[in-house]
$ cat start_10.tsv   # TSV, C-alpha atoms
chain	number	residue	atom	x	y	z
A	289	MET	CA	16.55	13.54	-11.55
A	290	ASP	CA	15.95	14.69	-7.94
A	291	HIS	CA	15.15	12.04	-5.36
A	292	ARG	CA	12.02	13.08	-3.49
A	293	LEU	CA	10.85	11.59	-0.22
A	294	SER	CA	7.93	12.55	1.95
A	295	SER	CA	5.90	10.98	4.72
A	296	LEU	CA	2.15	10.66	5.19
A	297	ARG	CA	2.12	9.30	8.73
A	298	THR	CA	-0.82	11.42	9.85
A	299	LEU	CA	-2.76	10.73	6.66
A	300	GLY	CA	-2.24	7.01	6.92
A	301	TRP	CA	-4.78	4.27	7.35
A	302	LEU	CA	-5.79	3.60	10.91
A	303	LEU	CA	-8.81	1.55	11.88
A	304	LEU	CA	-10.22	0.13	15.07
A	305	ILE	CA	-12.28	-3.03	15.13
A	306	GLY	CA	-13.71	-3.14	18.63
A	307	SER	CA	-15.86	-5.98	19.84
A	308	CYS	CA	-19.38	-4.70	20.47
A	309	MET	CA	-20.30	-8.10	21.90
A	310	ASN	CA	-18.17	-7.55	25.03
A	311	VAL	CA	-16.51	-10.95	24.79
A	312	TRP	CA	-13.16	-9.63	26.05
A	313	PRO	CA	-12.46	-8.19	29.50
A	314	ALA	CA	-11.40	-4.56	29.30
A	315	ARG	CA	-7.72	-4.07	30.14
A	316	ALA	CA	-6.84	-0.63	28.79
A	317	GLY	CA	-3.29	-0.16	27.56
A	318	GLN	CA	-2.30	-3.85	27.75
A	319	PRO	CA	-1.72	-5.45	24.32
A	320	ARG	CA	-3.21	-8.93	24.01
A	321	GLU	CA	-1.61	-11.87	22.28
A	322	LEU	CA	-4.30	-13.00	19.85
A	323	GLY	CA	-2.21	-15.21	17.60
A	324	LEU	CA	-2.84	-12.94	14.62
A	325	ALA	CA	-1.67	-14.00	11.17
A	326	VAL	CA	-2.06	-12.57	7.66
A	327	HIS	CA	-2.47	-14.29	4.30
A	328	TRP	CA	-3.03	-12.75	0.85
A	329	GLN	CA	-4.48	-14.41	-2.24
A	330	ASP	CA	-6.32	-13.11	-5.32
A	331	GLY	CA	-6.79	-9.61	-3.97
A	332	LEU	CA	-8.00	-10.70	-0.54
A	333	LEU	CA	-6.01	-10.12	2.64
A	334	THR	CA	-7.24	-12.44	5.40
A	335	VAL	CA	-6.46	-11.80	9.07
A	336	THR	CA	-6.96	-14.77	11.41
A	337	GLY	CA	-6.65	-15.02	15.16
A	338	GLU	CA	-8.32	-15.49	18.53
A	339	PHE	CA	-11.10	-12.92	18.12
A	340	PRO	CA	-14.85	-13.09	17.39
A	341	GLY	CA	-15.46	-14.73	14.02
A	342	ARG	CA	-11.84	-15.94	13.86
A	343	GLN	CA	-11.11	-14.06	10.65
A	344	VAL	CA	-11.52	-10.72	8.92
A	345	GLU	CA	-11.24	-10.33	5.14
A	346	ILE	CA	-10.01	-7.17	3.42
A	347	LEU	CA	-10.13	-6.38	-0.29
A	348	TYR	CA	-6.52	-5.23	-0.37
A	349	LEU	CA	-6.25	-3.12	-2.25
A	350	GLU	CA	-9.62	-2.80	-3.94
A	351	ALA	CA	-8.64	0.22	-6.04
A	352	TYR	CA	-6.21	3.07	-6.67
A	353	CYS	CA	-8.05	6.22	-7.67
A	354	ARG	CA	-7.62	9.48	-9.56
A	355	PRO	CA	-8.54	12.91	-8.13
A	356	GLY	CA	-11.86	14.48	-9.13
A	357	SER	CA	-13.64	11.30	-8.01
A	358	THR	CA	-16.50	12.66	-5.89
A	359	ASP	CA	-18.98	12.98	-8.77
A	360	ARG	CA	-17.62	10.79	-11.55
A	361	ASP	CA	-18.28	7.29	-12.85
A	362	TRP	CA	-16.21	4.76	-10.90
A	363	GLY	CA	-14.76	3.26	-14.07
A	364	GLU	CA	-13.16	6.60	-14.94
A	365	THR	CA	-11.64	6.96	-11.46
A	366	VAL	CA	-9.87	3.63	-10.99
A	367	ILE	CA	-6.25	3.11	-12.07
A	368	ARG	CA	-5.81	-0.60	-12.73
A	369	HIS	CA	-3.06	-2.45	-10.90
A	370	GLU	CA	-1.56	-5.89	-10.40
A	371	THR	CA	-0.26	-7.33	-7.14
A	372	ASP	CA	2.57	-9.80	-6.53
A	373	ILE	CA	3.59	-11.51	-3.30
A	374	VAL	CA	7.22	-10.60	-2.62
A	375	SER	CA	7.57	-12.71	0.52
A	376	SER	CA	5.41	-14.41	3.13
A	377	SER	CA	6.63	-15.92	6.40
A	378	PRO	CA	5.45	-19.48	7.18
A	379	ASP	CA	3.88	-18.38	10.48
A	380	GLY	CA	1.83	-15.62	8.83
A	381	LYS	CA	3.46	-12.89	10.89
A	382	ALA	CA	5.11	-11.03	7.99
A	383	LEU	CA	3.96	-10.35	4.45
A	384	ARG	CA	5.35	-8.22	1.63
A	385	LEU	CA	3.34	-7.25	-1.45
A	386	ARG	CA	4.14	-5.14	-4.49
A	387	ASP	CA	1.52	-3.30	-6.54
A	388	ARG	CA	2.31	-2.16	-10.07
A	389	LEU	CA	-0.07	0.50	-11.36
A	390	ARG	CA	-0.86	0.95	-15.04
A	391	ASP	CA	0.67	4.43	-14.95
A	392	GLY	CA	4.03	3.04	-13.76
A	393	VAL	CA	3.81	3.71	-10.02
A	394	VAL	CA	5.09	0.95	-7.72
A	395	VAL	CA	3.73	0.52	-4.19
A	396	ASP	CA	5.55	-1.78	-1.75
A	397	HIS	CA	3.58	-3.06	1.23
A	398	ARG	CA	5.07	-4.43	4.45
A	399	ILE	CA	2.40	-6.01	6.65
A	400	ALA	CA	3.22	-7.40	10.10
A	401	ALA	CA	1.02	-9.20	12.65
A	402	SER	CA	1.79	-9.08	16.37
A	403	GLY	CA	-0.11	-9.01	19.65
A	404	ASP	CA	-3.49	-7.43	18.95
A	405	GLU	CA	-2.65	-5.37	15.85
A	406	ILE	CA	-1.70	-5.52	12.20
A	407	GLU	CA	0.87	-2.93	11.13
A	408	PHE	CA	0.92	-1.53	7.59
A	409	HIS	CA	3.92	0.26	6.08
A	410	LEU	CA	3.61	1.35	2.45
A	411	VAL	CA	6.07	3.09	0.15
A	412	ALA	CA	4.67	4.53	-3.09
A	413	HIS	CA	7.29	5.37	-5.74
A	414	ASN	CA	6.89	6.97	-9.13
A	415	PRO	CA	9.93	5.86	-11.21
A	416	THR	CA	8.57	7.40	-14.42
A	417	ALA	CA	9.19	10.79	-16.02
A	418	ARG	CA	5.50	11.74	-15.71
A	419	ALA	CA	3.41	12.79	-12.72
A	420	SER	CA	1.09	10.05	-11.47
A	421	ALA	CA	-2.64	10.56	-10.98
A	422	ALA	CA	-2.81	8.02	-8.13
A	423	ASP	CA	-4.34	10.30	-5.50
A	424	TRP	CA	-5.95	7.86	-3.05
A	425	ALA	CA	-6.50	4.14	-2.51
A	426	GLN	CA	-9.31	2.01	-1.16
A	427	PRO	CA	-9.10	-1.10	1.04
A	428	CYS	CA	-12.47	-2.64	1.95
A	429	VAL	CA	-12.62	-4.27	5.38
A	430	ARG	CA	-15.32	-6.91	5.89
A	431	VAL	CA	-16.15	-7.50	9.54
A	432	ALA	CA	-19.63	-9.06	9.46
A	433	SER	CA	-18.55	-12.35	11.06
A	434	PHE	CA	-16.60	-10.43	13.71
A	435	THR	CA	-19.59	-8.36	14.79
A	436	GLY	CA	-22.49	-10.72	14.18
A	437	CYS	CA	-24.14	-8.41	11.62
A	438	GLU	CA	-25.91	-9.94	8.65
A	439	PRO	CA	-23.89	-9.39	5.44
A	440	ASP	CA	-26.85	-7.77	3.64
A	441	SER	CA	-27.76	-5.34	6.43
A	442	GLY	CA	-25.95	-2.51	4.66
A	443	ARG	CA	-28.57	-2.01	1.95
A	444	THR	CA	-30.73	0.49	3.85
A	445	LEU	CA	-30.13	4.22	4.06
A	446	VAL	CA	-28.68	3.95	7.59
A	447	PRO	CA	-27.89	0.25	8.07
A	448	ASP	CA	-27.82	-1.48	11.45
A	449	TYR	CA	-24.04	-1.81	11.48
A	450	ALA	CA	-23.64	1.94	10.93
A	451	ARG	CA	-25.41	2.59	14.22
A	452	LYS	CA	-22.61	0.71	15.99
A	453	SER	CA	-19.88	2.66	14.17
A	454	PHE	CA	-18.31	5.94	15.19
A	455	VAL	CA	-16.07	8.82	14.17
A	456	PHE	CA	-14.29	11.44	16.25
A	457	LEU	CA	-15.69	14.97	15.95
A	458	ASP	CA	-14.03	17.80	17.89
A	459	GLY	CA	-12.03	15.16	19.75
A	460	ARG	CA	-15.11	13.29	20.97
A	461	LEU	CA	-16.39	9.86	19.99
A	462	THR	CA	-19.59	10.34	17.99
A	463	ARG	CA	-21.75	7.40	16.98
A	464	LEU	CA	-23.36	7.10	13.58
A	465	PRO	CA	-25.64	8.23	12.08
A	466	THR	CA	-24.23	11.71	12.50
A	467	GLU	CA	-26.49	14.72	12.09
A	468	PRO	CA	-26.80	15.89	9.36
A	469	TRP	CA	-26.68	12.66	7.32
A	470	ALA	CA	-25.92	13.14	3.62
A	471	ILE	CA	-28.15	11.15	1.26
A	472	GLU	CA	-27.37	12.39	-2.26
A	473	ALA	CA	-24.43	11.27	-4.41
A	474	ARG	CA	-23.63	9.43	-7.63
A	475	TYR	CA	-23.71	6.15	-5.67
A	476	THR	CA	-25.85	5.43	-2.57
A	477	PRO	CA	-26.20	4.49	0.26
A	478	GLY	CA	-23.17	5.23	2.42
A	479	GLN	CA	-21.45	8.13	4.15
A	480	VAL	CA	-18.07	9.67	3.41
A	481	TYR	CA	-16.12	11.58	6.07
A	482	ARG	CA	-13.40	13.79	4.63
A	483	LEU	CA	-10.39	14.65	6.76
A	484	ALA	CA	-9.14	18.24	6.89
A	485	GLY	CA	-6.84	19.01	3.98
A	486	VAL	CA	-8.46	16.54	1.59
A	487	PRO	CA	-10.29	18.32	-1.28
A	488	ARG	CA	-14.03	17.67	-1.36
A	489	GLU	CA	-13.83	16.82	-5.06
A	490	ASP	CA	-11.31	14.00	-4.51
A	491	VAL	CA	-13.16	11.47	-2.34
A	492	ASN	CA	-15.28	8.35	-2.69
A	493	PRO	CA	-18.41	8.99	-4.81
A	494	ARG	CA	-20.84	8.20	-1.97
A	495	PRO	CA	-22.82	10.77	0.08
A	496	LEU	CA	-20.30	13.24	1.51
A	497	SER	CA	-20.86	14.46	5.05
A	498	THR	CA	-20.45	18.14	5.82
A	499	LEU	CA	-18.77	17.11	9.08
A	500	THR	CA	-14.98	16.88	9.33
A	501	PRO	CA	-13.50	14.24	11.67
A	502	SER	CA	-10.85	15.45	14.09
A	503	ALA	CA	-8.75	12.28	13.70
A	504	SER	CA	-8.15	9.61	11.08
A	505	LEU	CA	-9.63	7.07	13.47
A	506	PHE	CA	-12.83	5.14	12.85
A	507	GLY	CA	-14.71	2.37	14.59
A	508	VAL	CA	-16.70	0.02	12.41
A	509	ARG	CA	-19.12	-2.85	12.15
A	510	MET	CA	-19.52	-5.05	9.09
A	511	CYS	CA	-17.69	-3.14	6.35
A	512	ILE	CA	-15.72	0.06	5.88
A	513	LEU	CA	-13.89	1.54	2.94
A	514	SER	CA	-10.93	2.96	4.84
A	515	ASP	CA	-9.55	5.09	2.02
A	516	PHE	CA	-6.10	6.59	2.50
A	517	ARG	CA	-4.57	9.50	0.62
A	518	ILE	CA	-1.44	9.26	-1.49
A	519	GLY	CA	-1.46	12.58	-3.32
A	520	VAL	CA	-0.14	13.06	-6.83
A	521	LEU	CA	3.39	11.65	-7.16
A	522	VAL	CA	5.81	13.71	-9.26
A	523	PRO	CA	8.64	11.95	-11.14
A	524	ASP	CA	10.97	10.00	-8.82
A	525	GLU	CA	8.96	10.92	-5.72
A	526	ARG	CA	8.43	8.47	-2.84
A	527	LYS	CA	5.80	8.69	-0.14
A	528	THR	CA	5.29	6.53	2.94
A	529	ILE	CA	1.90	5.63	4.39
A	530	GLU	CA	1.53	3.94	7.77
A	531	GLY	CA	-1.43	2.51	9.59
A	532	ARG	CA	-2.75	0.02	12.12
A	533	LEU	CA	-5.59	-2.45	12.30
A	534	TYR	CA	-6.40	-2.88	16.01
A	535	PHE	CA	-8.41	-5.69	17.58
A	536	LEU	CA	-9.54	-4.15	20.88
A	537	PRO	CA	-12.45	-4.29	23.32
A	538	ALA	CA	-15.16	-1.67	22.84
A	539	GLU	CA	-13.39	0.77	25.13
A	540	PRO	CA	-12.76	4.26	23.68
A	541	GLU	CA	-10.21	5.35	26.31
A	542	GLY	CA	-7.94	2.39	25.61
A	543	LEU	CA	-8.29	2.98	21.87
A	544	LEU	CA	-7.34	6.65	22.17
A	545	ALA	CA	-4.31	5.83	24.28
A	546	ARG	CA	-3.01	3.41	21.65
A	547	TYR	CA	-3.82	5.79	18.82
A	548	ARG	CA	-2.02	8.74	20.42
A	549	GLU	CA	1.02	6.60	21.16
A	550	ASP	CA	1.28	5.26	17.61
A	551	PHE	CA	0.30	8.49	15.81
A	552	PRO	CA	1.40	11.36	18.06
A	553	ASP	CA	1.40	13.90	15.22
A	554	ASP	CA	-2.17	13.30	14.08

$ encode --input "start_10.tsv" --output "structure tokens"
Amino acid sequence: MDHRLSSLRTLGWLLLIGSCMNVWPARAGQPRELGLAVHWQDGLLTVTGEFPGRQVEILYLEAYCRPGSTDRDWGETVIRHETDIVSSSPDGKALRLRDRLRDGVVVDHRIAASGDEIEFHLVAHNPTARASAADWAQPCVRVASFTGCEPDSGRTLVPDYARKSFVFLDGRLTRLPTEPWAIEARYTPGQVYRLAGVPREDVNPRPLSTLTPSASLFGVRMCILSDFRIGVLVPDERKTIEGRLYFLPAEPEGLLARYREDFPDD
């Protein structure tokens, strides 16, 4: 059977969490030592360190999903999986996880904490003789304590935390809510931004914006489902997914410099 290997560097998961409370002095381009550490238990990845709120929790991973998900019941989209800890360093700087999907796919996660960022390196492998339907995956980042937002402020059509979030459109930082703002979907509220090359029928079943971000880079407050694309895995195929979780001041120029250095092909 042919060994297949491909890379999804530019389709990987990259997320900024920038302090909107201006508690850090802006020093663009200079990584800070924040004493970051990672710990995983019962589906929850916890990042701790010297930043507002002292910790950020991530449902990691909340779900692996089939294509055709935009207008379908969530229960028919999710591919169940189980996660094991492969290794964890005592200082919390290095963590390895392994996900085993019900359809046979294995996803190995290498997570490393250093300076002011968390690095994610994933390898998805289909060792079976059948194509896998695992098309995308969903981590849910909770940042309410980091930003000072109330946990229940996301229940309105355009919640308070969304107004402090942003996407990049035509290379420019654009704050939410964007115009137009989609309001109809199987599940509401929310807003989905689809990157170029991702089919409209294969995204989260929340309101889908007609706008297409120019980079896989998002700034958030409170909570974001930072879905990343895997794409159908044929037998014996491997794909790599890479991403960063940055803890930076609310300074777009410094963010862009880091992003372009780490993801030059995006």

$ closest_atom_pairs --input "start_10.tsv" --of "range 479-523 of chain A" --to "range 413-421 of chain A" --cutoff "10 Å" --atoms "all atoms listed in the file" --output "CSV"
residue,atom,partner,partner_atom,distance
A:Ile518,CA,A:Ala421,CA,9.7
A:Gly519,CA,A:Ala421,CA,8.0
A:Val520,CA,A:Ala421,CA,5.5
A:Leu521,CA,A:Ser420,CA,5.1
A:Val522,CA,A:Ala419,CA,4.3
A:Pro523,CA,A:Ala417,CA,5.0

$ residues_around --input "start_10.tsv" --residues "range 355-371 of chain A" --least-positions-apart "5" --cutoff "8 Å" --atoms "all atoms listed in the file" --output "compact mmCIF listing (two decimals) with C-alpha atoms, in the frame of the given file"
# COMPACT_ATOMS: atom_id res chain seq x y z
CA GLY A 331 -6.79 -9.61 -3.97
CA LEU A 385 3.34 -7.25 -1.45
CA ARG A 386 4.14 -5.14 -4.49
CA ASP A 387 1.52 -3.30 -6.54
CA ARG A 388 2.31 -2.16 -10.07
CA LEU A 389 -0.07 0.50 -11.36
CA ARG A 390 -0.86 0.95 -15.04
CA ASP A 391 0.67 4.43 -14.95
CA ALA A 421 -2.64 10.56 -10.98
CA ALA A 422 -2.81 8.02 -8.13
CA ASP A 423 -4.34 10.30 -5.50
CA TRP A 424 -5.95 7.86 -3.05
CA ALA A 473 -24.43 11.27 -4.41
CA ARG A 474 -23.63 9.43 -7.63
CA ARG A 488 -14.03 17.67 -1.36
CA GLU A 489 -13.83 16.82 -5.06
CA ASP A 490 -11.31 14.00 -4.51
CA VAL A 491 -13.16 11.47 -2.34
CA ASN A 492 -15.28 8.35 -2.69
CA PRO A 493 -18.41 8.99 -4.81
CA ARG A 494 -20.84 8.20 -1.97

$ atom_distance --input "start_10.tsv" --atom1 "CA of Pro465 in chain A" --atom2 "CA of Tyr534 in chain A"
22.6 Å

$ residues_near_point --input "start_10.tsv" --point "(-0.5, -0.8, 13.7)" --cutoff "8 Å" --atoms "all atoms listed in the file" --output "list in words"
Leu302, Glu405, Ile406, Glu407, Phe408, Glu530, Gly531, Arg532, Leu533, Tyr534 and Asp550 of chain A

$ closest_residue --input "start_10.tsv" --among "A:Pro427, A:Gly323, A:Pro378, A:Pro468" --to "Ala401 in chain A" --atoms "only C-alpha atoms"
A:Gly323

$ residues_around --input "start_10.tsv" --residues "Ala484 in chain A" --least-positions-apart "4" --cutoff "9 Å" --atoms "all atoms listed in the file" --output "PyMOL selection string"
chain A and resi 500-502

$ atom_distance --input "start_10.tsv" --atom1 "CA of Ile373 in chain A" --atom2 "CA of His397 in chain A"
9.6 Å

$ atom_distance --input "start_10.tsv" --atom1 "CA of Val344 in chain A" --atom2 "CA of Thr466 in chain A"
26.0 Å

$ closest_residue --input "start_10.tsv" --among "A:Arg460, A:Arg482, A:Arg526, A:Arg517" --to "Pro540 in chain A" --atoms "all atoms listed in the file"
A:Arg460

$ closest_residue --input "start_10.tsv" --among "A:Cys353, A:Ala538, A:Ala382, A:Val393" --to "Trp328 in chain A" --atoms "all atoms listed in the file"
A:Ala382

$ closest_residue --input "start_10.tsv" --among "A:Val411, A:Val394, A:Gly337, A:Ile399" --to "Lys527 in chain A" --atoms "all atoms listed in the file"
A:Val411

$ closest_residue --input "start_10.tsv" --among "A:Leu496, A:Leu383, A:Leu483, A:Leu544" --to "Ala325 in chain A" --atoms "all atoms listed in the file"
A:Leu383

$ residues_around --input "start_10.tsv" --residues "Trp469 in chain A" --least-positions-apart "6" --cutoff "9 Å" --atoms "all atoms listed in the file" --output "list in words"
Val446, Gln479, Pro495, Leu496, Ser497 and Thr498 of chain A

$ residues_around --input "start_10.tsv" --residues "Leu333 in chain A" --least-positions-apart "5" --cutoff "7 Å" --atoms "only C-alpha atoms" --output "number ranges by chain"
A: 326-328, 345-348
